[in-house]
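A.B. asks: Here's a structure for you.
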Amino acid sequence: GMLVRRLIEYTKKTIRQADLILLVLCLAATAFGTLVIASATNAQGGTRYVAVQIVAALLGVGMFFIVSAVDIDFITEHRNWLVAINCFMLLLLFPFGVTPAGSDNRSWLELPFMPVQIQPAEICKIFFVPILASVMATYQNNPSRPKAVMHLVFHTGLIVGLNMIISKDLGVSLIFVSVFLGMAFAGGVSLLWFAATAGGIAALAPIMWSFLEDYQKRRILIVFDSSIDPNGINERYHTVRSLKSLMGGGMTGQGLFNGTRTQIPGALPAQHTDYIFSAIGEELGFIGCLITVLLIAAIIARCIWVGTRSSDYKRRLICFGVSAALMFQLCINVGMCIGIVPVIGLTLPFISYGGSSLISLYAMVGLVAGVFAR
């Protein structure tokens, strides 16, 4: 009885202290997303997708409170364990990884005892933020010294390298890079390092370019060169279809469950995941798109606000790392839907369909809620 009572007390305290404004914003975005998923998957019999999304949201809220209850110092003191878990999760892709139809990324795990496929990189994203925050806190009096920067680069390179070799998933790899850049910037790493990095990338670009497959080169070039695939048959296929849907809704859209293209199976590829923003544009118009961006921007703003209010260097960095990941995903996904960013396949946070992605997003903002509680 005593143990149960203490558990209930602890649970109450956790719920009282956690950032409920952040949670409500996330739930509002998820509810809006689930509604749009219901419409976008209506033609394929959408109940299964909606059910998965709702269950993931409930598990996500649980994760939000669990993560917010764990003390960050405890997590970061065991940094090496986190690094090991991340590597192990990605290495599981060798024996158990599956490549979904129409994709070239082996980024899903199909484990014999799990009812659904999971994406290990999503789980790595949660741990990656405390790992980097802990490394930076070690050097917080001088985060710009070469040893500090090399240490950060090592951790980022390790996870990005493993992820690229095993799953070839460029999108998720870039999220890790964006977290690294956001945290280094917010943590006070000198701008000279950023300038040097930019110079280095510019110098290496031609060499890297020669390693890209032809289709990857064309995917990048179509953003700048309108003469490539003008009819939208090959590289421009996704972008042309996405823009047709996006522009088909005008100001207020054709109405949920009524989008001419959204309701035809296959007219808009990946319309409940990568291109959900285009489905929103068609059915809910510019206003729907605006609501979507504002919901996600409000979540990001809240994470930044909590970060700026925290007096602890490491905790502040955790908030900025989570914000950087969300901001990058928002910009890349929307940029991809409107055709100004190469197609790299990233979901729209809290809106797109995807169980592991949604649960890991709630866990990530749970890190911020934990900072808020303390």
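Chain labels run A, B, ... following the order of the structure tokens; each chain numbers its residues from 1, and ligands are numbered from 1 in the order shown.
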Within 12 Å of Gly157 (chain A), counting only C-alpha atoms, which residues show up once you throw out same-chain ones fewer than 3 positions away? Write them as a ChimeraX atom specification, please.
C.D. replies: /A:87,128,132,149-154,160-165,173-174,176-177,180
A.B. asks: Give the helix (DSSP H, G or I) residues of region 86-334 of chain A, as assigned by DSSP on the backbone, as a count of residues only.
C.D. replies: 164
A.B. asks: So which residues touch Ser245 (chain A) within 9 Å, counting only C-alpha atoms, skipping near sequence neighbours fewer than 4 positions away, as a list in words?
C.D. replies: Val240, Arg241, Gly249, Gly259, Thr260, Arg261, Thr262, Ala267, Leu268, Ser278, Ala279, Ile280, Gly281, Glu282 and Glu283 of chain A
A.B. asks: Take the residues just selected and output them with C-alpha atoms as a PDB file, in the first residue's frame.
C.D. replies:
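Below is the file that was written, out03.pdb:
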```
ATOM      1  CA  VAL A 240       4.676  18.299 -59.666  1.00  0.00           C
ATOM      2  CA  ARG A 241       1.963  16.195 -58.033  1.00  0.00           C
ATOM      3  CA  GLY A 249      -7.210  24.245 -52.692  1.00  0.00           C
ATOM      4  CA  GLY A 259      -9.983  16.926 -52.253  1.00  0.00           C
ATOM      5  CA  THR A 260     -10.102  15.914 -55.922  1.00  0.00           C
ATOM      6  CA  ARG A 261      -6.628  14.391 -55.798  1.00  0.00           C
ATOM      7  CA  THR A 262      -6.376  13.498 -52.126  1.00  0.00           C
ATOM      8  CA  ALA A 267      -2.772  10.682 -57.201  1.00  0.00           C
ATOM      9  CA  LEU A 268      -0.603  12.260 -54.503  1.00  0.00           C
ATOM     10  CA  SER A 278      -0.001  19.144 -49.800  1.00  0.00           C
ATOM     11  CA  ALA A 279      -3.125  17.198 -48.863  1.00  0.00           C
ATOM     12  CA  ILE A 280      -3.867  19.900 -46.273  1.00  0.00           C
ATOM     13  CA  GLY A 281      -3.375  22.573 -48.948  1.00  0.00           C
ATOM     14  CA  GLU A 282      -5.853  20.882 -51.246  1.00  0.00           C
ATOM     15  CA  GLU A 283      -8.562  20.155 -48.704  1.00  0.00           C
TER      16      GLU A 283
END
```
A.B. asks: Enter the distance from CA of Gln216 (chain A) to CA of Ile344 (chain A), in Å, rounded to one decimal.
C.D. replies: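 Those two atoms sit 9.5 Å apart.
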A.B. asks: As a list of chain:residue names, please: the residues near region 10-12 of chain A (cut-off 12 Å, only C-alpha atoms, same-chain neighbours under 4 positions excluded).
C.D. replies: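 Everything that qualifies: A:Leu3, A:Val4, A:Arg5, A:Arg6, A:Arg16, A:Gln17, A:Ala18, A:Gly62, A:Phe65, A:Ile66, A:Ser68, A:Ala69, A:Val70.
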A.B. asks: Looking at A:Ile166, A:Val306, A:Ile338, A:Leu358, which one is nearest to Thr239 (chain A), with distances taken over only C-alpha atoms?
C.D. replies: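 Once distances to Thr239 (chain A) are computed over only C-alpha atoms, the minimum belongs to A:Ile338.
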A.B. asks: Just how far from CA of Ile359 (chain A) is CA of Ile75 (chain A), in Å to one decimal?
C.D. replies: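 Separation between CA of Ile75 (chain A) and CA of Ile359 (chain A): 18.9 Å.
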A.B. asks: Env of Asn234 (chain A): 10 Å cut, atoms = only C-alpha atoms, seq-sep filter 3 positions within chain, self excluded. Answer as a VMD selection string.
C.D. replies: chain A and resid 215 218 to 219 228 to 231 237 to 238
A.B. asks: Enumerate, in order of chain and increasing residue number, the residues of region 97-172 of chain A with an atom no farther than 10 Å from region 186-203 of chain A, each with its shortest atom pair and distance in Å to one decimal, counting only C-alpha atoms, as CSV.
C.D. replies:
```
residue,atom,partner,partner_atom,distance
A:Ala133,CA,A:Gly187,CA,8.8
A:Met136,CA,A:Gly187,CA,7.4
A:Ala137,CA,A:Gly187,CA,8.9
A:Gln140,CA,A:Gly187,CA,7.8
A:Asn141,CA,A:Gly188,CA,9.7
A:Asn142,CA,A:Val189,CA,8.1
A:Pro143,CA,A:Val189,CA,5.4
A:Ser144,CA,A:Val189,CA,4.7
A:Arg145,CA,A:Val189,CA,8.3
A:Pro146,CA,A:Trp193,CA,9.3
A:Ala148,CA,A:Val189,CA,9.1
A:Val149,CA,A:Val189,CA,7.9
```
A.B. asks: Just the residues within 12 Å of Ala51 (chain A), please, counting only C-alpha atoms, with nothing from its chain fewer than 5 positions along; format it as a tab-separated table (two decimals) with all heavy atoms, in the first residue's frame.
C.D. replies:
```tsv
chain	number	residue	atom	x	y	z
A	34	THR	N	-4.41	14.02	-37.02
A	34	THR	CA	-5.20	12.79	-37.13
A	34	THR	C	-6.42	13.00	-38.01
A	34	THR	O	-6.79	12.14	-38.81
A	34	THR	CB	-5.63	12.31	-35.72
A	34	THR	OG1	-4.45	12.23	-34.90
A	34	THR	CG2	-6.28	10.95	-35.78
A	35	LEU	N	-7.02	14.18	-37.89
A	35	LEU	CA	-8.17	14.52	-38.74
A	35	LEU	C	-7.76	14.51	-40.21
A	35	LEU	O	-8.45	13.94	-41.07
A	35	LEU	CB	-8.69	15.90	-38.33
A	35	LEU	CG	-9.93	16.43	-39.04
A	35	LEU	CD1	-11.13	15.56	-38.67
A	35	LEU	CD2	-10.20	17.88	-38.65
A	37	ILE	N	-5.14	12.98	-41.49
A	37	ILE	CA	-4.78	11.61	-41.88
A	37	ILE	C	-6.04	10.82	-42.22
A	37	ILE	O	-6.07	10.06	-43.19
A	37	ILE	CB	-3.99	10.91	-40.74
A	37	ILE	CG1	-2.61	11.54	-40.59
A	37	ILE	CG2	-3.86	9.41	-41.00
A	37	ILE	CD1	-1.90	11.19	-39.30
A	38	ALA	N	-7.09	11.01	-41.41
A	38	ALA	CA	-8.36	10.32	-41.68
A	38	ALA	C	-8.83	10.63	-43.10
A	38	ALA	O	-9.28	9.75	-43.84
A	38	ALA	CB	-9.42	10.75	-40.67
A	41	THR	N	-6.27	9.21	-45.89
A	41	THR	CA	-6.22	7.75	-46.07
A	41	THR	C	-7.61	7.18	-46.30
A	41	THR	O	-7.78	5.98	-46.39
A	41	THR	CB	-5.62	7.06	-44.81
A	41	THR	OG1	-6.38	7.46	-43.67
A	41	THR	CG2	-4.17	7.43	-44.62
A	45	GLY	N	-9.17	3.12	-47.07
A	45	GLY	CA	-9.77	2.57	-45.85
A	45	GLY	C	-8.98	3.05	-44.65
A	45	GLY	O	-8.13	2.35	-44.13
A	46	GLY	N	-9.27	4.27	-44.22
A	46	GLY	CA	-8.37	4.98	-43.31
A	46	GLY	C	-8.43	4.58	-41.85
A	46	GLY	O	-7.61	5.05	-41.07
A	56	ALA	N	-0.68	5.67	-30.84
A	56	ALA	CA	0.66	6.24	-30.72
A	56	ALA	C	0.61	7.54	-29.91
A	56	ALA	O	1.51	7.81	-29.10
A	56	ALA	CB	1.25	6.50	-32.10
A	57	ALA	N	-0.45	8.32	-30.09
A	57	ALA	CA	-0.57	9.58	-29.35
A	57	ALA	C	-0.73	9.30	-27.85
A	57	ALA	O	-0.11	9.97	-27.02
A	57	ALA	CB	-1.75	10.40	-29.87
A	58	LEU	N	-1.53	8.28	-27.52
A	58	LEU	CA	-1.72	7.93	-26.10
A	58	LEU	C	-0.41	7.44	-25.49
A	58	LEU	O	-0.02	7.85	-24.40
A	58	LEU	CB	-2.81	6.87	-25.96
A	58	LEU	CG	-4.23	7.33	-26.35
A	58	LEU	CD1	-5.20	6.15	-26.37
A	58	LEU	CD2	-4.73	8.42	-25.40
A	353	TYR	N	1.43	10.90	-40.54
A	353	TYR	CA	1.16	9.58	-39.98
A	353	TYR	C	2.48	8.90	-39.64
A	353	TYR	O	3.44	8.98	-40.39
A	353	TYR	CB	0.40	8.75	-41.02
A	353	TYR	CG	0.32	7.29	-40.65
A	353	TYR	CD1	-0.57	6.86	-39.67
A	353	TYR	CD2	1.13	6.34	-41.26
A	353	TYR	CE1	-0.65	5.52	-39.31
A	353	TYR	CE2	1.07	5.01	-40.91
A	353	TYR	CZ	0.18	4.60	-39.94
A	353	TYR	OH	0.12	3.29	-39.59
A	354	GLY	N	2.52	8.19	-38.53
A	354	GLY	CA	3.69	7.37	-38.20
A	354	GLY	C	3.80	7.16	-36.70
A	354	GLY	O	3.93	8.11	-35.95
A	355	GLY	N	3.72	5.90	-36.30
A	355	GLY	CA	3.72	5.57	-34.87
A	355	GLY	C	5.02	5.90	-34.17
A	355	GLY	O	5.04	6.66	-33.20
```
A.B. asks: DSSP on the backbone, then: every residue of region 80-227 of chain A marked strand (DSSP E or B), written as a list in words.
C.D. replies: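 Selection result, strand (DSSP E or B) within region 80-227 of chain A: Gly97, Val98, Trp108, Leu109 and Ile118 of chain A.
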A.B. asks: Suppose we keep C-alpha atoms; can you now write the selection as a PDB file, in the first residue's frame?
C.D. replies:
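result28.pdb written:
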```pdb
ATOM      1  CA  GLY A  97      15.891  -4.211 -41.231  1.00  0.00           C
ATOM      2  CA  VAL A  98      13.238  -4.005 -43.942  1.00  0.00           C
ATOM      3  CA  TRP A 108      12.545   0.021 -40.439  1.00  0.00           C
ATOM      4  CA  LEU A 109      12.936  -2.779 -37.926  1.00  0.00           C
ATOM      5  CA  ILE A 118       9.736   0.570 -35.627  1.00  0.00           C
TER       6      ILE A 118
END
```
